[in-house]
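Participant: Take a look at structure02.pdb, PDB, C-alpha atoms:
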ATOM      1  CA  MET A   6       3.504   4.363  28.126
ATOM      2  CA  ASP A   7       5.076   1.494  30.024
ATOM      3  CA  GLU A   8       6.910  -1.462  28.468
ATOM      4  CA  LYS A   9       3.884  -3.765  28.812
ATOM      5  CA  ASP A  10       1.633  -1.373  26.836
ATOM      6  CA  LYS A  11       4.381  -0.850  24.241
ATOM      7  CA  SER A  12       4.756  -4.623  23.838
ATOM      8  CA  LYS A  13       0.984  -5.030  23.441
ATOM      9  CA  ILE A  14       0.714  -2.497  20.624
ATOM     10  CA  LEU A  15       3.765  -3.953  18.862
ATOM     11  CA  LEU A  16       2.209  -7.425  19.082
ATOM     12  CA  LYS A  17      -1.093  -6.043  17.750
ATOM     13  CA  MET A  18       0.807  -4.384  14.904
ATOM     14  CA  PHE A  19       2.612  -7.617  14.071
ATOM     15  CA  ILE A  20      -0.637  -9.641  14.076
ATOM     16  CA  THR A  21      -2.453  -7.000  12.004
ATOM     17  CA  PHE A  22       0.260  -6.793   9.350
ATOM     18  CA  PHE A  23       0.734 -10.589   9.376
ATOM     19  CA  LYS A  24      -2.986 -11.052   8.609
ATOM     20  CA  ILE A  25      -2.774  -8.447   5.837
ATOM     21  CA  GLY A  26       0.232 -10.249   4.342
ATOM     22  CA  LEU A  27      -1.450 -13.636   4.733
ATOM     23  CA  PHE A  28      -4.751 -12.759   3.065
ATOM     24  CA  THR A  29      -3.663 -10.395   0.313
ATOM     25  CA  PHE A  30      -3.028 -11.719  -3.163
ATOM     26  CA  GLY A  31      -1.895  -9.524  -6.013
ATOM     27  CA  GLY A  32       0.931  -7.539  -4.516
ATOM     28  CA  GLY A  33       1.255  -4.190  -2.848
ATOM     29  CA  TYR A  34      -1.493  -2.337  -4.673
ATOM     30  CA  ALA A  35      -3.995  -4.960  -3.589
ATOM     31  CA  MET A  36      -2.781  -4.499   0.021
ATOM     32  CA  ILE A  37      -3.480  -0.771   0.113
ATOM     33  CA  PRO A  38      -7.222  -1.030   0.867
ATOM     34  CA  LEU A  39      -6.617  -3.733   3.470
ATOM     35  CA  ILE A  40      -3.924  -1.736   5.242
ATOM     36  CA  GLU A  41      -6.138   1.340   5.108
ATOM     37  CA  LYS A  42      -9.120  -0.547   6.541
ATOM     38  CA  GLU A  43      -7.053  -1.930   9.417
ATOM     39  CA  VAL A  44      -4.838   1.002  10.415
ATOM     40  CA  VAL A  45      -7.177   3.903   9.575
ATOM     41  CA  GLU A  46     -10.710   2.604  10.101
ATOM     42  CA  ASN A  47     -10.472  -0.340  12.509
ATOM     43  CA  LYS A  48      -7.482   0.438  14.731
ATOM     44  CA  LYS A  49      -7.427   4.231  14.175
ATOM     45  CA  TRP A  50      -3.633   4.216  14.404
ATOM     46  CA  VAL A  51      -3.237   6.630  11.457
ATOM     47  CA  GLU A  52      -5.458   9.485  10.231
ATOM     48  CA  LYS A  53      -6.957   9.180   6.713
ATOM     49  CA  ASP A  54      -5.093  12.226   5.327
ATOM     50  CA  LYS A  55      -1.783  10.992   6.749
ATOM     51  CA  PHE A  56      -2.395   7.554   5.233
ATOM     52  CA  THR A  57      -3.145   9.079   1.818
ATOM     53  CA  ASP A  58       0.058  11.132   2.001
ATOM     54  CA  THR A  59       1.962   8.003   3.033
ATOM     55  CA  VAL A  60       0.597   6.040   0.059
ATOM     56  CA  SER A  61       1.625   8.901  -2.237
ATOM     57  CA  LEU A  62       5.111   8.917  -0.744
ATOM     58  CA  THR A  63       5.279   5.135  -1.143
ATOM     59  CA  GLN A  64       4.855   5.580  -4.887
ATOM     60  CA  THR A  65       7.981   7.725  -5.094
ATOM     61  CA  ILE A  66      10.293   5.384  -3.168
ATOM     62  CA  PRO A  67      12.048   2.527  -4.963
ATOM     63  CA  GLY A  68      11.017  -0.920  -3.816
ATOM     64  CA  ALA A  69       7.930  -3.021  -3.262
ATOM     65  CA  VAL A  70       4.789  -1.028  -2.491
ATOM     66  CA  ALA A  71       3.655  -3.319   0.343
ATOM     67  CA  ILE A  72       7.018  -3.214   2.059
ATOM     68  CA  ASN A  73       7.424   0.545   1.666
ATOM     69  CA  LEU A  74       3.893   1.192   2.901
ATOM     70  CA  SER A  75       4.367  -1.135   5.872
ATOM     71  CA  ILE A  76       7.608   0.581   6.809
ATOM     72  CA  LEU A  77       6.128   4.072   6.622
ATOM     73  CA  VAL A  78       2.866   3.193   8.383
ATOM     74  CA  GLY A  79       4.698   1.218  11.069
ATOM     75  CA  TYR A  80       7.034   4.168  11.569
ATOM     76  CA  ASP A  81       4.060   6.526  11.907
ATOM     77  CA  ILE A  82       2.592   4.271  14.593
ATOM     78  CA  LYS A  83       5.643   3.323  16.694
ATOM     79  CA  GLY A  84       8.813   4.719  15.163
ATOM     80  CA  VAL A  85      11.694   2.545  13.976
ATOM     81  CA  LEU A  86      10.603  -0.505  15.976
ATOM     82  CA  GLY A  87       7.081  -0.151  14.558
ATOM     83  CA  ALA A  88       8.527  -0.025  11.038
ATOM     84  CA  VAL A  89      10.523  -3.212  11.650
ATOM     85  CA  ILE A  90       7.598  -5.069  13.273
ATOM     86  CA  SER A  91       5.071  -4.125  10.561
ATOM     87  CA  THR A  92       7.505  -5.027   7.782
ATOM     88  CA  ILE A  93       8.297  -8.425   9.262
ATOM     89  CA  GLY A  94       4.591  -8.995   9.846
ATOM     90  CA  VAL A  95       3.546  -8.212   6.283
ATOM     91  CA  SER A  96       6.506 -10.084   4.713
ATOM     92  CA  LEU A  97       6.567 -13.274   6.757
ATOM     93  CA  PRO A  98       3.400 -14.872   5.301
ATOM     94  CA  SER A  99       4.659 -14.413   1.735
ATOM     95  CA  PHE A 100       8.031 -15.849   2.663
ATOM     96  CA  ILE A 101       6.424 -18.913   4.269
ATOM     97  CA  ILE A 102       3.945 -19.424   1.420
ATOM     98  CA  ILE A 103       6.569 -18.998  -1.308
ATOM     99  CA  LEU A 104       8.850 -21.417   0.487
ATOM    100  CA  ALA A 105       6.032 -23.985   0.687
ATOM    101  CA  ILE A 106       5.128 -23.433  -2.969
ATOM    102  CA  ALA A 107       8.758 -23.824  -4.026
ATOM    103  CA  PHE A 108       8.827 -27.243  -2.372
ATOM    104  CA  THR A 109       5.557 -28.422  -3.926
ATOM    105  CA  LEU A 110       5.033 -26.474  -7.164
ATOM    106  CA  THR A 111       7.314 -28.610  -9.269
ATOM    107  CA  LYS A 112       5.082 -31.576  -8.441
ATOM    108  CA  THR A 113       1.729 -29.800  -8.825
ATOM    109  CA  ALA A 114       2.266 -27.145 -11.525
ATOM    110  CA  GLY A 115       0.308 -29.079 -14.129
ATOM    111  CA  LEU A 116      -2.826 -29.560 -12.008
ATOM    112  CA  SER A 117      -5.815 -27.968 -13.695
ATOM    113  CA  VAL A 118      -7.408 -27.211 -10.303
ATOM    114  CA  LEU A 119      -4.413 -25.078  -9.337
ATOM    115  CA  GLN A 120      -4.404 -23.288 -12.693
ATOM    116  CA  SER A 121      -8.155 -22.610 -12.391
ATOM    117  CA  ALA A 122      -7.709 -21.251  -8.873
ATOM    118  CA  PHE A 123      -5.108 -18.757 -10.079
ATOM    119  CA  GLU A 124      -7.384 -17.749 -12.975
ATOM    120  CA  GLY A 125     -10.165 -17.098 -10.461
ATOM    121  CA  ILE A 126      -7.964 -14.933  -8.256
ATOM    122  CA  ARG A 127      -6.974 -12.519 -11.047
ATOM    123  CA  PRO A 128     -10.313 -10.637 -11.319
ATOM    124  CA  ALA A 129     -10.454 -10.245  -7.538
ATOM    125  CA  ILE A 130      -6.947  -8.788  -7.545
ATOM    126  CA  ALA A 131      -7.870  -6.374 -10.342
ATOM    127  CA  ALA A 132     -10.931  -5.305  -8.341
ATOM    128  CA  LEU A 133      -8.809  -4.657  -5.225
ATOM    129  CA  ILE A 134      -6.413  -2.500  -7.227
ATOM    130  CA  VAL A 135      -9.290  -0.491  -8.748
ATOM    131  CA  TYR A 136     -10.821  -0.126  -5.287
ATOM    132  CA  ALA A 137      -7.514   1.203  -3.934
ATOM    133  CA  GLY A 138      -7.441   3.822  -6.691
ATOM    134  CA  ILE A 139     -11.030   4.887  -6.052
ATOM    135  CA  SER A 140     -10.497   4.997  -2.293
ATOM    136  CA  LEU A 141      -7.357   7.120  -2.617
ATOM    137  CA  SER A 142      -9.017   9.449  -5.120
ATOM    138  CA  LYS A 143     -11.725  10.300  -2.574
ATOM    139  CA  SER A 144      -9.212  12.002  -0.309
ATOM    140  CA  VAL A 145      -7.662  14.133  -3.070
ATOM    141  CA  LYS A 146      -8.698  17.793  -3.064
ATOM    142  CA  TRP A 147      -9.449  17.771  -6.785
ATOM    143  CA  SER A 148      -8.911  20.815  -8.973
ATOM    144  CA  MET A 149      -8.867  21.176 -12.749
ATOM    145  CA  VAL A 150      -5.054  20.941 -12.718
ATOM    146  CA  LEU A 151      -5.146  17.668 -10.772
ATOM    147  CA  VAL A 152      -7.888  16.200 -12.982
ATOM    148  CA  LEU A 153      -5.826  17.052 -16.071
ATOM    149  CA  LEU A 154      -2.706  15.647 -14.403
ATOM    150  CA  ALA A 155      -4.477  12.358 -13.561
ATOM    151  CA  ALA A 156      -5.973  12.063 -17.062
ATOM    152  CA  GLY A 157      -2.640  12.906 -18.664
ATOM    153  CA  ALA A 158      -0.833  10.316 -16.546
ATOM    154  CA  PHE A 159      -3.416   7.673 -17.445
ATOM    155  CA  VAL A 160      -3.094   8.403 -21.180
ATOM    156  CA  ALA A 161       0.718   8.637 -21.034
ATOM    157  CA  ILE A 162       1.009   5.228 -19.377
ATOM    158  CA  GLY A 163      -1.952   3.449 -20.987
ATOM    159  CA  VAL A 164      -1.753   4.749 -24.535
ATOM    160  CA  PHE A 165       1.838   5.844 -25.046
ATOM    161  CA  ASN A 166       3.431   3.280 -22.705
ATOM    162  CA  ILE A 167       5.576   5.924 -20.997
ATOM    163  CA  ASN A 168       7.537   4.629 -18.035
ATOM    164  CA  PRO A 169       5.640   5.360 -14.778
ATOM    165  CA  ILE A 170       8.833   6.694 -13.192
ATOM    166  CA  TYR A 171       8.793   9.624 -15.620
ATOM    167  CA  ILE A 172       5.122  10.218 -14.864
ATOM    168  CA  ILE A 173       5.800  10.276 -11.109
ATOM    169  CA  VAL A 174       8.669  12.755 -11.520
ATOM    170  CA  ILE A 175       6.608  15.002 -13.812
ATOM    171  CA  ALA A 176       3.604  14.825 -11.454
ATOM    172  CA  PHE A 177       5.861  15.703  -8.521
ATOM    173  CA  ILE A 178       7.195  18.740 -10.372
ATOM    174  CA  ILE A 179       3.750  19.880 -11.518
ATOM    175  CA  GLY A 180       2.300  19.341  -8.046
ATOM    176  CA  SER A 181       5.131  21.348  -6.495
ATOM    177  CA  LEU A 182       4.752  24.179  -8.987
ATOM    178  CA  TYR A 183       0.971  24.134  -8.614
ATOM    179  CA  SER A 184       1.202  24.433  -4.816
ATOM    180  CA  ILE A 185       3.445  27.541  -4.923
ATOM    181  CA  PRO A 186       0.735  29.970  -6.179
ATOM    182  CA  GLN A 187      -1.791  28.368  -3.819
ATOM    183  CA  GLY A 188       0.373  29.315  -0.852
ATOM    184  CA  ARG A 189      -0.523  25.988   0.747
ATOM    185  CA  LYS A 190      -2.940  27.692   3.155
ATOM    186  CA  ASN A 191      -3.630  24.370   4.872
ATOM    187  CA  SER A 192       0.046  23.693   5.668
TER     188      SER A 192
END
Show how you would write the structure in this file as structure tokens.
Facilitator:
Amino acid sequence: MDEKDKSKILLKMFITFFKIGLFTFGGGYAMIPLIEKEVVENKKWVEKDKFTDTVSLTQTIPGAVAINLSILVGYDIKGVLGAVISTIGVSLPSFIIILAIAFTLTKTAGLSVLQSAFEGIRPAIAALIVYAGISLSKSVKWSMVLVLLAAGAFVAIGVFNINPIYIIVIAFIIGSLYSIPQGRKNS
């Protein structure tokens, strides 16, 4: 691949991740379906299984989900430079918008139109997060152990308010132990 082709794909990556960052409200979990749609379905830069594994890995790394996912997906596409380009692309819109809001919010915070707009965005954000969960669950090779693990994690967090970090560590351990008897035939 020559430098011109490399520059084109990096520019396409930047524009793609910039649009994702610009039009996603609700944080990293709300970005997951948009990133998946763009990089897996539309651009075909990353395979579905690889993307699902990347999202899973993102959950175990400290930091913002959107940034971590952008770094890992960008790296999968074009290495270190791809990771940098995708991260700048997804972060820049938020930086610009937050900067603009910081300058104007003190003057407009009491406007009922603004408050109503934010109220209207919340259900859409919740729907995007639920969609991300459903979409990711479709690529899981479900077994009784994994169903019980998912249900247990949901109850532990939702009912008993257990810190999600503990749930992730426990799920990692159980998943590792569960894969040993299976022999990971598909590895």
Participant: What lies within 12 Å of Ile170 of chain A using all atoms listed in the file, ignoring chain neighbours under 2 positions off, as an MDAnalysis selection string?
Facilitator: chainID A and resid 64:67 158 161:162 166:168 172:177
Participant: Dig up all the protein and nucleic acid residues within 12 Å of (5.3, 4.5, 7.1) in the file frame, using only C-alpha atoms, and format them as a tab-separated table (two decimals) with C-alpha atoms, in the frame of the given file.
Facilitator:
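Output (selection16.tsv):
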chain	number	residue	atom	x	y	z
A	40	ILE	CA	-3.92	-1.74	5.24
A	44	VAL	CA	-4.84	1.00	10.42
A	50	TRP	CA	-3.63	4.22	14.40
A	51	VAL	CA	-3.24	6.63	11.46
A	55	LYS	CA	-1.78	10.99	6.75
A	56	PHE	CA	-2.40	7.55	5.23
A	57	THR	CA	-3.14	9.08	1.82
A	58	ASP	CA	0.06	11.13	2.00
A	59	THR	CA	1.96	8.00	3.03
A	60	VAL	CA	0.60	6.04	0.06
A	61	SER	CA	1.62	8.90	-2.24
A	62	LEU	CA	5.11	8.92	-0.74
A	63	THR	CA	5.28	5.14	-1.14
A	66	ILE	CA	10.29	5.38	-3.17
A	70	VAL	CA	4.79	-1.03	-2.49
A	71	ALA	CA	3.66	-3.32	0.34
A	72	ILE	CA	7.02	-3.21	2.06
A	73	ASN	CA	7.42	0.55	1.67
A	74	LEU	CA	3.89	1.19	2.90
A	75	SER	CA	4.37	-1.14	5.87
A	76	ILE	CA	7.61	0.58	6.81
A	77	LEU	CA	6.13	4.07	6.62
A	78	VAL	CA	2.87	3.19	8.38
A	79	GLY	CA	4.70	1.22	11.07
A	80	TYR	CA	7.03	4.17	11.57
A	81	ASP	CA	4.06	6.53	11.91
A	82	ILE	CA	2.59	4.27	14.59
A	83	LYS	CA	5.64	3.32	16.69
A	84	GLY	CA	8.81	4.72	15.16
A	85	VAL	CA	11.69	2.54	13.98
A	86	LEU	CA	10.60	-0.50	15.98
A	87	GLY	CA	7.08	-0.15	14.56
A	88	ALA	CA	8.53	-0.02	11.04
A	89	VAL	CA	10.52	-3.21	11.65
A	90	ILE	CA	7.60	-5.07	13.27
A	91	SER	CA	5.07	-4.12	10.56
A	92	THR	CA	7.50	-5.03	7.78
Participant: Quick one: pull the distance between atom CA of Leu39 of chain A and atom CA of Ala122 of chain A, Å, one decimal.
Facilitator: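 Straight-line distance from atom CA of Leu39 of chain A to atom CA of Ala122 of chain A works out to 21.5 Å.
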Participant: Check the smallest atom-to-atom distance from each of A:Tyr183, A:Glu52, A:Gly94, A:Ala35 to Ala131 of chain A using only C-alpha atoms, then report the winner.
Facilitator: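 Of A:Tyr183, A:Glu52, A:Gly94, A:Ala35, the one nearest Ala131 of chain A, counting only C-alpha atoms, is A:Ala35.
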Participant: Could you tell me how far atom CA of Pro38 of chain A sits from atom CA of Ser140 of chain A, in Å to one decimal place?
Facilitator: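 Between these atoms lies a distance of 7.6 Å.
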Participant: Could you work out how far atom CA of Ser12 of chain A lies from atom CA of Tyr34 of chain A, giving the answer in Å with one decimal?
Facilitator: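 Between atom CA of Tyr34 of chain A and atom CA of Ser12 of chain A the gap is 29.3 Å.
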Participant: From (0.8, -15.9, 3.9), in the file's coordinates, out to 6 Å: which residues are reached, counting only C-alpha atoms? Answer as an mmCIF file with C-alpha atoms, keeping the file's coordinate frame.
Facilitator:
data_model
loop_
_atom_site.group_PDB
_atom_site.id
_atom_site.type_symbol
_atom_site.label_atom_id
_atom_site.label_comp_id
_atom_site.auth_asym_id
_atom_site.auth_seq_id
_atom_site.Cartn_x
_atom_site.Cartn_y
_atom_site.Cartn_z
ATOM 1 C CA GLY A 26 0.232 -10.249 4.342
ATOM 2 C CA LEU A 27 -1.450 -13.636 4.733
ATOM 3 C CA PRO A 98 3.400 -14.872 5.301
ATOM 4 C CA SER A 99 4.659 -14.413 1.735
ATOM 5 C CA ILE A 102 3.945 -19.424 1.420
#
Participant: Which of these, A:Leu110, A:Asp54, A:Val164, A:Lys48, has the shortest distance to Lys17 of chain A once you count only C-alpha atoms?
Facilitator: A:Lys48
